[in-house]
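Engineer: Sending over model33.pdb (PDB, C-alpha atoms, pLDDT in the B column).
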```
ATOM      1  CA  MET A   1       0.000   0.000   0.000  1.00 54.00           C
ATOM      2  CA  ASN A   2       1.311   3.366  -0.902  1.00 58.00           C
ATOM      3  CA  THR A   3       0.287   6.003   1.687  1.00 61.00           C
ATOM      4  CA  VAL A   4       1.528   9.507   1.905  1.00 59.00           C
ATOM      5  CA  SER A   5       2.416  10.628   5.386  1.00 58.00           C
ATOM      6  CA  PRO A   6       2.220  14.322   6.119  1.00 58.00           C
ATOM      7  CA  SER A   7       5.417  16.161   6.657  1.00 58.00           C
ATOM      8  CA  PRO A   8       6.129  16.891  10.320  1.00 59.00           C
ATOM      9  CA  SER A   9       6.641  20.561   9.534  1.00 63.00           C
ATOM     10  CA  ILE A  10       3.097  20.881   8.225  1.00 67.00           C
ATOM     11  CA  ALA A  11       0.784  20.735  11.194  1.00 63.00           C
ATOM     12  CA  PRO A  12      -2.914  21.393  10.980  1.00 69.00           C
ATOM     13  CA  THR A  13      -3.808  24.762  12.408  1.00 77.00           C
ATOM     14  CA  TYR A  14      -6.858  25.574  14.435  1.00 75.00           C
ATOM     15  CA  THR A  15      -8.696  28.709  13.442  1.00 77.00           C
ATOM     16  CA  PRO A  16     -11.294  29.651  16.048  1.00 76.00           C
ATOM     17  CA  ASP A  17     -14.642  30.991  14.972  1.00 80.00           C
ATOM     18  CA  PRO A  18     -14.668  34.753  15.674  1.00 80.00           C
ATOM     19  CA  ARG A  19     -18.348  34.673  16.632  1.00 85.00           C
ATOM     20  CA  GLN A  20     -17.726  31.891  19.119  1.00 84.00           C
ATOM     21  CA  LEU A  21     -14.784  33.796  20.593  1.00 80.00           C
ATOM     22  CA  ALA A  22     -16.921  36.924  20.920  1.00 83.00           C
ATOM     23  CA  GLN A  23     -19.661  34.947  22.672  1.00 82.00           C
ATOM     24  CA  GLN A  24     -17.150  33.390  25.069  1.00 85.00           C
ATOM     25  CA  ARG A  25     -15.635  36.782  25.855  1.00 85.00           C
ATOM     26  CA  ALA A  26     -19.079  38.290  26.413  1.00 81.00           C
ATOM     27  CA  ALA A  27     -20.041  35.425  28.740  1.00 82.00           C
ATOM     28  CA  LEU A  28     -16.797  35.826  30.696  1.00 83.00           C
ATOM     29  CA  ALA A  29     -17.271  39.598  30.945  1.00 82.00           C
ATOM     30  CA  LYS A  30     -20.840  39.072  32.179  1.00 82.00           C
ATOM     31  CA  GLN A  31     -19.647  36.637  34.869  1.00 83.00           C
ATOM     32  CA  GLN A  32     -16.940  39.034  36.019  1.00 86.00           C
ATOM     33  CA  ASN A  33     -19.407  41.922  35.996  1.00 86.00           C
ATOM     34  CA  GLU A  34     -21.942  39.978  38.060  1.00 88.00           C
ATOM     35  CA  ALA A  35     -19.211  39.066  40.543  1.00 90.00           C
ATOM     36  CA  ALA A  36     -18.164  42.717  40.829  1.00 91.00           C
ATOM     37  CA  ILE A  37     -21.776  43.827  41.303  1.00 91.00           C
ATOM     38  CA  GLY A  38     -22.212  41.122  43.952  1.00 92.00           C
ATOM     39  CA  LYS A  39     -19.156  42.446  45.796  1.00 93.00           C
ATOM     40  CA  VAL A  40     -20.485  46.027  45.681  1.00 93.00           C
ATOM     41  CA  ALA A  41     -23.884  44.865  46.946  1.00 94.00           C
ATOM     42  CA  GLU A  42     -22.270  42.905  49.791  1.00 94.00           C
ATOM     43  CA  ASP A  43     -20.133  45.921  50.711  1.00 94.00           C
ATOM     44  CA  PHE A  44     -23.284  48.051  50.825  1.00 94.00           C
ATOM     45  CA  GLU A  45     -24.984  45.559  53.127  1.00 95.00           C
ATOM     46  CA  ALA A  46     -21.878  45.527  55.356  1.00 95.00           C
ATOM     47  CA  PHE A  47     -21.935  49.340  55.535  1.00 94.00           C
ATOM     48  CA  PHE A  48     -25.650  49.361  56.349  1.00 94.00           C
ATOM     49  CA  ALA A  49     -25.308  46.682  59.036  1.00 94.00           C
ATOM     50  CA  GLY A  50     -22.291  48.478  60.498  1.00 94.00           C
ATOM     51  CA  ALA A  51     -24.249  51.738  60.724  1.00 93.00           C
ATOM     52  CA  TYR A  52     -27.117  49.843  62.342  1.00 92.00           C
ATOM     53  CA  PHE A  53     -24.789  48.236  64.897  1.00 92.00           C
ATOM     54  CA  GLU A  54     -23.132  51.602  65.548  1.00 91.00           C
ATOM     55  CA  GLN A  55     -26.505  52.954  66.620  1.00 91.00           C
ATOM     56  CA  MET A  56     -27.131  49.911  68.792  1.00 90.00           C
ATOM     57  CA  PHE A  57     -23.773  50.198  70.556  1.00 85.00           C
ATOM     58  CA  SER A  58     -23.909  53.986  70.986  1.00 84.00           C
ATOM     59  CA  GLY A  59     -25.989  53.691  74.166  1.00 81.00           C
ATOM     60  CA  ILE A  60     -23.711  51.176  75.849  1.00 79.00           C
ATOM     61  CA  GLN A  61     -21.345  52.724  78.355  1.00 77.00           C
ATOM     62  CA  PRO A  62     -17.755  51.438  78.679  1.00 73.00           C
ATOM     63  CA  ASP A  63     -17.129  48.894  81.396  1.00 72.00           C
ATOM     64  CA  SER A  64     -15.510  50.395  84.490  1.00 70.00           C
ATOM     65  CA  VAL A  65     -13.352  47.288  84.926  1.00 71.00           C
ATOM     66  CA  THR A  66     -11.666  47.514  81.526  1.00 67.00           C
ATOM     67  CA  GLY A  67     -11.373  51.268  81.598  1.00 67.00           C
ATOM     68  CA  GLY A  68     -12.911  52.720  78.440  1.00 69.00           C
ATOM     69  CA  GLY A  69     -11.128  55.784  77.092  1.00 72.00           C
ATOM     70  CA  GLU A  70     -10.261  56.846  73.542  1.00 74.00           C
ATOM     71  CA  ALA A  71      -8.855  53.474  72.533  1.00 75.00           C
ATOM     72  CA  GLU A  72     -12.068  51.657  73.387  1.00 78.00           C
ATOM     73  CA  GLY A  73     -14.049  54.050  71.228  1.00 74.00           C
ATOM     74  CA  MET A  74     -11.723  53.456  68.291  1.00 78.00           C
ATOM     75  CA  PHE A  75     -11.677  49.695  68.676  1.00 84.00           C
ATOM     76  CA  ARG A  76     -15.421  49.554  69.211  1.00 84.00           C
ATOM     77  CA  SER A  77     -15.834  51.277  65.857  1.00 86.00           C
ATOM     78  CA  LEU A  78     -13.589  48.675  64.199  1.00 89.00           C
ATOM     79  CA  MET A  79     -15.453  45.855  65.942  1.00 89.00           C
ATOM     80  CA  VAL A  80     -18.786  47.199  64.738  1.00 92.00           C
ATOM     81  CA  GLN A  81     -17.469  47.363  61.147  1.00 92.00           C
ATOM     82  CA  GLU A  82     -16.388  43.727  61.377  1.00 94.00           C
ATOM     83  CA  TYR A  83     -19.807  42.767  62.742  1.00 93.00           C
ATOM     84  CA  GLY A  84     -21.329  44.441  59.692  1.00 94.00           C
ATOM     85  CA  LYS A  85     -19.017  42.523  57.343  1.00 94.00           C
ATOM     86  CA  ALA A  86     -19.842  39.230  59.061  1.00 94.00           C
ATOM     87  CA  VAL A  87     -23.582  39.858  58.755  1.00 94.00           C
ATOM     88  CA  ALA A  88     -23.211  40.832  55.086  1.00 93.00           C
ATOM     89  CA  LYS A  89     -21.141  37.750  54.289  1.00 92.00           C
ATOM     90  CA  GLN A  90     -23.909  35.517  55.679  1.00 92.00           C
ATOM     91  CA  HIS A  91     -26.633  37.403  53.736  1.00 87.00           C
ATOM     92  CA  VAL A  92     -28.737  37.517  56.897  1.00 87.00           C
ATOM     93  CA  LEU A  93     -30.474  40.791  56.084  1.00 91.00           C
ATOM     94  CA  GLY A  94     -30.940  40.108  52.367  1.00 92.00           C
ATOM     95  CA  ILE A  95     -30.034  43.659  51.395  1.00 93.00           C
ATOM     96  CA  ALA A  96     -27.173  42.557  49.135  1.00 93.00           C
ATOM     97  CA  ASP A  97     -29.483  40.305  47.119  1.00 93.00           C
ATOM     98  CA  VAL A  98     -31.958  43.127  46.506  1.00 93.00           C
ATOM     99  CA  VAL A  99     -29.224  45.638  45.640  1.00 93.00           C
ATOM    100  CA  LYS A 100     -27.540  43.171  43.257  1.00 92.00           C
ATOM    101  CA  ARG A 101     -30.829  42.427  41.507  1.00 93.00           C
ATOM    102  CA  GLN A 102     -31.578  46.146  41.130  1.00 93.00           C
ATOM    103  CA  LEU A 103     -28.096  46.951  39.799  1.00 90.00           C
ATOM    104  CA  LEU A 104     -28.297  44.144  37.260  1.00 88.00           C
ATOM    105  CA  GLN A 105     -31.722  45.375  36.120  1.00 91.00           C
ATOM    106  CA  LEU A 106     -30.408  48.911  35.727  1.00 89.00           C
ATOM    107  CA  GLN A 107     -27.471  47.631  33.728  1.00 84.00           C
ATOM    108  CA  GLU A 108     -29.730  45.575  31.438  1.00 84.00           C
ATOM    109  CA  GLN A 109     -31.805  48.677  30.684  1.00 85.00           C
ATOM    110  CA  GLN A 110     -28.783  50.648  29.470  1.00 76.00           C
TER     111      GLN A 110
END
```
Could you write out this structure as structure tokens?
Structural biologist:
Amino acid sequence: MNTVSPSPSIAPTYTPDPRQLAQQRAALAKQQNEAAIGKVAEDFEAFFAGAYFEQMFSGIQPDSVTGGGEAEGMFRSLMVQEYGKAVAKQHVLGIADVVKRQLLQLQEQQ
């Protein structure tokens, strides 16, 4: 049998479909955009929860045993921010979900 083998220097090349590439890029951009919007929405919920906790803790007087002072006020503020982040991460309030949905709807309209 007489078969012709292709030369090793001639390799078949793959030419991707430009439409398929554009669709893949658009899908990837949409995923990244949704992730970014989700992060913004979660940050908003963390800010809201932190402000809420700040109001709750504003009426609590420092403990006389531990002292209080300027440092306690500063660290209490940091603690309250972390409480807000923890609540937002768990999606307990549901604010992030609503904000994300609204932002995505606004983006679709543009």
Engineer: Which is closer to Phe47 of chain A than all the others in A:Ala88, A:Val99, A:Leu78, A:Leu104, using all atoms listed in the file?
Structural biologist: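 Closest residue, counting all atoms listed in the file: A:Ala88.
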Engineer: Find the residues around Ala96 of chain A up to 6 Å (all atoms listed in the file counted), leave out those fewer than 2 positions away in its own chain, and share them as a list in words.
Structural biologist: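 After dropping sequence-adjacent residues, the list is Ala41, Glu42, Glu45, Gly94, Val98, Val99 and Lys100 of chain A.
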Engineer: Between atom CA of Asp17 of chain A and atom CA of Gln107 of chain A, what is the spacing in Å?
Structural biologist: 28.2 Å
Engineer: Atom CA of Arg76 of chain A and atom CA of Phe57 of chain A are how many Å apart?
Structural biologist: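 These two atoms are separated by 8.5 Å.
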Engineer: Rounded to one decimal in Å, what is the spacing between atom CA of Ala26 of chain A and atom CA of Ile95 of chain A?
Structural biologist: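 Between these atoms lies a distance of 27.8 Å.
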Engineer: Edge lengths and centre, in Å to one decimal, as lines of an AutoDock Vina configuration file: that's what I need for the box along x, y and z that holds all listed atoms of segment 70-79 of chain A plus 8 Å on each side.
Structural biologist:
```
center_x = -12.3
center_y = 51.4
center_z = 68.9
size_x = 23.0
size_y = 27.0
size_z = 25.3
```
Engineer: Evaluate the PyMOL selection byres ((chain A and resi 50-52) around 8) on the structure here and hand back the selected residues as number ranges by chain.
Structural biologist: A: 46-49, 53-56, 80-85
Engineer: Using only C-alpha atoms, find the one residue out of A:Gln110, A:Gly59, A:Pro16, A:Leu103 that sits nearest to Asn33 of chain A.
Structural biologist: A:Leu103
